[in-house]
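This report concerns only the one structure given below.
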Amino acid sequence: MFCNDPASGLKAIIVIHNTTLGPALGGCRMRPYASTDEALEDALRLAKGMTYKCAACDVDFGGGKAVIIGDPLKDKSPEMFRAFGQFVDSLNGRFYTGTDMGTTPEDFVHSLKETPNIVGVPETYGGHGDSSIPTAQGVIYGIKAVLRRLWQDETLGDKTYAIQGLGKVGFKVAKALLDAGAELYVTDINGSAVKDLLAYSEQTSGKVHVLEGDAIYDAPADIFVPCALGAVINDETVERLKVKAVAGSANNQLLEDRHGDALRERGILYAPDYIVNAGGLIQVADELSQPNKERVLQKTKAIYDTLNEIFDTAARENISTTLAANRFCEERIAKRKERNSFFTAKQPPKWQIRQHF
């Protein structure tokens with residue numbers, strides 16, 4: 001659905017990919033896309049990824065995504081997010097959304113005035129709060145699963161990491177690794193984030209090396225941790241990587257699924273992104289029932305077990321971890337589809353009756 005509101009300057013796209021498991025759920029990111037086609041392609045890829053992510057972490061939602069075309073540093077306004085909320089509300093509970101890259105929980109407080117179908121709002125408005133916290137925790141569990149698989153030792157501080165992006169999630173992951181005494185290679189377009197991390201590193205036994213831009217692909221690290229944009233594993237970069245594994249929070253890290261095969265051919269273990277970064281999704285999905293932080297933590301810890309299952313399947317069947325993860329999710333969706341057809345009518349799910357703020 002293309003959303004256009006000239007009065008507020010809103011230009012947005014909402015994509016619903018699959019609702020077999022339940023209403024579509026996916027964040028809303030804001031970027032100064034070069035064209036509508038670029039924005040649409042991003043939204044389509046992200047929505048599909050959310051379908052697989054929801055299946056992987058076993059929440060009763062399908063995949064969707066929204067993108068707002070604009071500069072988050074200059075173009076935001078309360079009116080824009082109220083208008084966006086009205087478009088979300090017009091879908092009558094088929095789509096739930098909240099913060100993502102370029103947006104904040106506070107932005108969606110305005111959307112919440114127009115629709116109840118908003119997640120990831122601040123705790124003062126009845127939400128769980130910052131979803132980047134469980135996302136970062138999930139990344140750490142994913143890295144531990146990789147360490148166990150490759151080195152039979154989950155000690156974070158014994159390895160070096162190349163972190164691409166020090167945003168809401170990447171910065172928290174970097175801090176956790178520094179606290180463990182790890183050595184980091186980092187890059188980010190935001191100089192203040194890099195400066196803040198360097199200052200934080202002085203309080204730890206860890207070490208930080210700052211790289212510029214694409215130099216992160218050549219870093220002599222053990223694990224590449226992409227925490228920024230997608231499509232960073234492609235024909236060019238896959239040949240440059242010197243790491244033994246890839247495990248990060250960025251969505252759609254592979255430009256195409258075949259790049260998962262390319263990583264495997266190079267002996268690089270890939271932890272599928274939509275499993276590693278599922279912590280935030282787990283939290284916002286939980287928010288639509290009665291929020292329970294302990295339950296969120298337990299489900300986030302399960303990322304470690306799911307990855308081990310994916311790694312085992314890939315090794316046993318001699319396939320890429322990408323293919324193993326996709327099959328895992330597709331089988332779960334297919335089983336749910338069979339179960340859904342058992343009843344011809346159902347009561348409305350409880351998340352559709354939450355009242356407006």
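Each chain in the structure tokens gets a letter, A, B and so on, in the order shown; residues start at 1 in every chain, and ligands are counted from 1 in the order they appear.
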Mind checking which residues fall within 12 Å of range 218-224 of chain A, counting only C-alpha atoms, ignoring those fewer than 5 positions away in the same chain, and posting them as a PyMOL selection string?
chain A and resi 139-140+142-144+146-147+150-151+156-165+170+177+182-187+208-213+232-233+236-250+253+263+268-271
For the residues selected in the previous step, produce a file with C-alpha atoms as a PDB file, in the first residue's frame.
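Output contents, as saved in result-v3.pdb:
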```pdb
ATOM      1  CA  VAL A 139      22.999 -11.220  18.717  1.00  0.00           C
ATOM      2  CA  ILE A 140      25.222 -12.141  21.653  1.00  0.00           C
ATOM      3  CA  GLY A 142      23.954 -15.981  18.224  1.00  0.00           C
ATOM      4  CA  ILE A 143      27.668 -15.226  18.515  1.00  0.00           C
ATOM      5  CA  LYS A 144      27.937 -17.724  21.375  1.00  0.00           C
ATOM      6  CA  VAL A 146      28.889 -19.658  16.501  1.00  0.00           C
ATOM      7  CA  LEU A 147      31.760 -19.807  18.988  1.00  0.00           C
ATOM      8  CA  LEU A 150      33.635 -23.413  15.517  1.00  0.00           C
ATOM      9  CA  TRP A 151      35.806 -23.364  18.624  1.00  0.00           C
ATOM     10  CA  LEU A 156      33.409 -13.903  23.953  1.00  0.00           C
ATOM     11  CA  GLY A 157      36.634 -12.165  24.914  1.00  0.00           C
ATOM     12  CA  ASP A 158      38.923 -14.685  23.226  1.00  0.00           C
ATOM     13  CA  LYS A 159      38.012 -13.604  19.686  1.00  0.00           C
ATOM     14  CA  THR A 160      38.119 -10.501  17.489  1.00  0.00           C
ATOM     15  CA  TYR A 161      35.062  -8.957  15.840  1.00  0.00           C
ATOM     16  CA  ALA A 162      34.463  -6.640  12.880  1.00  0.00           C
ATOM     17  CA  ILE A 163      31.316  -4.633  13.652  1.00  0.00           C
ATOM     18  CA  GLN A 164      29.670  -2.725  10.813  1.00  0.00           C
ATOM     19  CA  GLY A 165      27.317  -0.122  12.250  1.00  0.00           C
ATOM     20  CA  GLY A 170      25.388  -2.432  17.049  1.00  0.00           C
ATOM     21  CA  LEU A 177      31.876  -7.587  23.643  1.00  0.00           C
ATOM     22  CA  ALA A 182      37.186  -8.586  23.155  1.00  0.00           C
ATOM     23  CA  GLU A 183      39.122  -6.791  20.431  1.00  0.00           C
ATOM     24  CA  LEU A 184      36.937  -4.919  17.936  1.00  0.00           C
ATOM     25  CA  TYR A 185      37.256  -3.431  14.473  1.00  0.00           C
ATOM     26  CA  VAL A 186      34.411  -0.965  13.968  1.00  0.00           C
ATOM     27  CA  THR A 187      33.017   1.414  11.388  1.00  0.00           C
ATOM     28  CA  VAL A 208      38.804  -0.827  19.558  1.00  0.00           C
ATOM     29  CA  HIS A 209      40.282  -0.211  16.102  1.00  0.00           C
ATOM     30  CA  VAL A 210      38.387   2.286  13.928  1.00  0.00           C
ATOM     31  CA  LEU A 211      38.132   1.601  10.198  1.00  0.00           C
ATOM     32  CA  GLU A 212      36.695   3.706   7.413  1.00  0.00           C
ATOM     33  CA  GLY A 213      33.771   2.496   5.327  1.00  0.00           C
ATOM     34  CA  VAL A 232      26.364  -6.449   2.535  1.00  0.00           C
ATOM     35  CA  ILE A 233      27.262 -10.029   1.607  1.00  0.00           C
ATOM     36  CA  GLU A 236      32.393  -8.403  -4.146  1.00  0.00           C
ATOM     37  CA  THR A 237      32.469  -8.567  -0.363  1.00  0.00           C
ATOM     38  CA  VAL A 238      32.248 -12.329   0.066  1.00  0.00           C
ATOM     39  CA  GLU A 239      35.701 -12.646  -1.495  1.00  0.00           C
ATOM     40  CA  ARG A 240      37.199  -9.975   0.757  1.00  0.00           C
ATOM     41  CA  LEU A 241      36.129 -11.385   4.102  1.00  0.00           C
ATOM     42  CA  LYS A 242      38.903 -12.877   6.225  1.00  0.00           C
ATOM     43  CA  VAL A 243      36.601 -14.031   9.006  1.00  0.00           C
ATOM     44  CA  LYS A 244      35.493 -17.517  10.024  1.00  0.00           C
ATOM     45  CA  ALA A 245      31.849 -16.569  10.622  1.00  0.00           C
ATOM     46  CA  VAL A 246      29.152 -13.942  10.048  1.00  0.00           C
ATOM     47  CA  ALA A 247      26.648 -13.181  12.830  1.00  0.00           C
ATOM     48  CA  GLY A 248      24.965  -9.796  13.153  1.00  0.00           C
ATOM     49  CA  SER A 249      21.720  -7.887  13.473  1.00  0.00           C
ATOM     50  CA  ALA A 250      21.306  -6.350  10.009  1.00  0.00           C
ATOM     51  CA  GLN A 253      22.546  -9.470   4.942  1.00  0.00           C
ATOM     52  CA  LEU A 263      30.111 -18.219   2.259  1.00  0.00           C
ATOM     53  CA  ILE A 268      32.674 -19.134   6.551  1.00  0.00           C
ATOM     54  CA  LEU A 269      29.852 -20.089   8.923  1.00  0.00           C
ATOM     55  CA  TYR A 270      26.775 -17.929   8.401  1.00  0.00           C
ATOM     56  CA  ALA A 271      24.288 -17.445  11.240  1.00  0.00           C
TER      57      ALA A 271
END
```
Apply DSSP to the structure's backbone, then extract all residues of range 70-185 of chain A labelled alpha helix (DSSP H) and return them as number ranges by chain.
A: 78-89, 107-111, 132-151, 170-179
Serialized selection, C-alpha atoms, as a PDB file, in the first residue's frame:
```
ATOM      1  CA  PRO A  78       4.189  14.567  14.809  1.00  0.00           C
ATOM      2  CA  GLU A  79       1.717  15.151  11.965  1.00  0.00           C
ATOM      3  CA  MET A  80       3.627  12.769   9.704  1.00  0.00           C
ATOM      4  CA  PHE A  81       3.421   9.925  12.198  1.00  0.00           C
ATOM      5  CA  ARG A  82      -0.238  10.618  12.933  1.00  0.00           C
ATOM      6  CA  ALA A  83      -0.933  10.379   9.213  1.00  0.00           C
ATOM      7  CA  PHE A  84       1.062   7.158   9.057  1.00  0.00           C
ATOM      8  CA  GLY A  85      -1.000   5.802  11.958  1.00  0.00           C
ATOM      9  CA  GLN A  86      -4.185   6.480  10.012  1.00  0.00           C
ATOM     10  CA  PHE A  87      -2.928   4.432   7.067  1.00  0.00           C
ATOM     11  CA  VAL A  88      -1.971   1.577   9.410  1.00  0.00           C
ATOM     12  CA  ASP A  89      -5.408   1.727  11.004  1.00  0.00           C
ATOM     13  CA  ASP A 107       7.748   8.807  16.981  1.00  0.00           C
ATOM     14  CA  PHE A 108       5.060   6.154  17.244  1.00  0.00           C
ATOM     15  CA  VAL A 109       3.463   7.682  20.312  1.00  0.00           C
ATOM     16  CA  HIS A 110       1.872  10.010  17.736  1.00  0.00           C
ATOM     17  CA  SER A 111       0.804   7.062  15.545  1.00  0.00           C
ATOM     18  CA  SER A 132      17.064  -2.872  20.609  1.00  0.00           C
ATOM     19  CA  ILE A 133      17.969  -4.292  24.036  1.00  0.00           C
ATOM     20  CA  PRO A 134      16.648  -7.841  23.396  1.00  0.00           C
ATOM     21  CA  THR A 135      17.828  -7.595  19.786  1.00  0.00           C
ATOM     22  CA  ALA A 136      21.375  -7.018  20.993  1.00  0.00           C
ATOM     23  CA  GLN A 137      21.012  -9.815  23.552  1.00  0.00           C
ATOM     24  CA  GLY A 138      19.924 -12.135  20.756  1.00  0.00           C
ATOM     25  CA  VAL A 139      22.999 -11.220  18.717  1.00  0.00           C
ATOM     26  CA  ILE A 140      25.222 -12.141  21.653  1.00  0.00           C
ATOM     27  CA  TYR A 141      23.441 -15.512  21.962  1.00  0.00           C
ATOM     28  CA  GLY A 142      23.954 -15.981  18.224  1.00  0.00           C
ATOM     29  CA  ILE A 143      27.668 -15.226  18.515  1.00  0.00           C
ATOM     30  CA  LYS A 144      27.937 -17.724  21.375  1.00  0.00           C
ATOM     31  CA  ALA A 145      26.323 -20.395  19.213  1.00  0.00           C
ATOM     32  CA  VAL A 146      28.889 -19.658  16.501  1.00  0.00           C
ATOM     33  CA  LEU A 147      31.760 -19.807  18.988  1.00  0.00           C
ATOM     34  CA  ARG A 148      30.528 -23.156  20.271  1.00  0.00           C
ATOM     35  CA  ARG A 149      30.221 -24.553  16.748  1.00  0.00           C
ATOM     36  CA  LEU A 150      33.635 -23.413  15.517  1.00  0.00           C
ATOM     37  CA  TRP A 151      35.806 -23.364  18.624  1.00  0.00           C
ATOM     38  CA  GLY A 170      25.388  -2.432  17.049  1.00  0.00           C
ATOM     39  CA  PHE A 171      26.515  -0.103  19.833  1.00  0.00           C
ATOM     40  CA  LYS A 172      24.998  -2.365  22.504  1.00  0.00           C
ATOM     41  CA  VAL A 173      26.601  -5.453  20.950  1.00  0.00           C
ATOM     42  CA  ALA A 174      29.968  -3.671  20.842  1.00  0.00           C
ATOM     43  CA  LYS A 175      29.680  -2.690  24.511  1.00  0.00           C
ATOM     44  CA  ALA A 176      28.866  -6.266  25.538  1.00  0.00           C
ATOM     45  CA  LEU A 177      31.876  -7.587  23.643  1.00  0.00           C
ATOM     46  CA  LEU A 178      34.157  -4.928  25.134  1.00  0.00           C
ATOM     47  CA  ASP A 179      32.890  -5.815  28.608  1.00  0.00           C
TER      48      ASP A 179
END
```
Contact residues around range 33-40 of chain A with only C-alpha atoms at 7 Å, ignoring same-chain residues under 5 positions, as a PyMOL selection string:
chain A and resi 13+67+69-70
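Using only C-alpha atoms, the smallest distance between any of A:Pro105, A:Gly64, A:Ile216, A:Tyr200 and Gly127 in chain A comes from A:Pro105.
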DSSP-assigned strand (DSSP E) among range 32-228 of chain A, expressed as a PyMOL selection string
chain A and resi 62-69+95-96+160-164+183-187+207-210+223-226
Once you count only C-alpha atoms, what closest atom pair and distance in Å to one decimal does each residue of range 261-344 of chain A within 7 Å of range 56-60 of chain A have, with rows by chain and rising residue number, as a Markdown table?
```
| residue | atom | partner | partner_atom | distance |
| --- | --- | --- | --- | --- |
| A:Ile275 | CA | A:Ala56 | CA | 6.3 |
| A:Ala278 | CA | A:Cys57 | CA | 6.8 |
| A:Ala285 | CA | A:Val59 | CA | 6.9 |
| A:Cys329 | CA | A:Ala56 | CA | 5.5 |
```
Distance criterion (only C-alpha atoms): nearest to Glu287 in chain A out of A:Ile333, A:Ala24, A:Val119, A:Val15:
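Ranking A:Ile333, A:Ala24, A:Val119, A:Val15 by distance to Glu287 in chain A, first place goes to A:Val119.
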Contact residues around Arg94 in chain A with only C-alpha atoms at 7 Å, ignoring same-chain residues under 2 positions, as JSON, numbers by chain:
{"A": [23, 24, 91, 92]}
Would you save the residues of that selection, restricted to C-alpha atoms, as a PDB file, in the first residue's frame?
```pdb
ATOM      1  CA  PRO A  23      -1.441 -10.583  11.347  1.00  0.00           C
ATOM      2  CA  ALA A  24       1.638  -9.123   9.678  1.00  0.00           C
ATOM      3  CA  LEU A  91      -5.751  -2.102   7.348  1.00  0.00           C
ATOM      4  CA  ASN A  92      -8.075  -3.154  10.191  1.00  0.00           C
TER       5      ASN A  92
END
```
Env of Thr20 in chain A: 8 Å cut, atoms = only C-alpha atoms, seq-sep filter 5 positions within chain, self excluded. Answer as an MDAnalysis selection string.
chainID A and resid 61:62 333 336:337 340
Would you put the residues from that selection into a file with C-alpha atoms, as a CSV table (one decimal), in the first residue's frame?
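Output contents, as saved in part.csv:
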```csv
chain,number,residue,atom,x,y,z
A,61,PHE,CA,2.4,-13.2,13.5
A,62,GLY,CA,3.2,-13.1,9.8
A,333,ILE,CA,4.5,-22.2,8.2
A,336,ARG,CA,0.4,-24.0,10.7
A,337,LYS,CA,-1.5,-23.7,7.5
A,340,ASN,CA,-5.5,-23.2,10.4
```
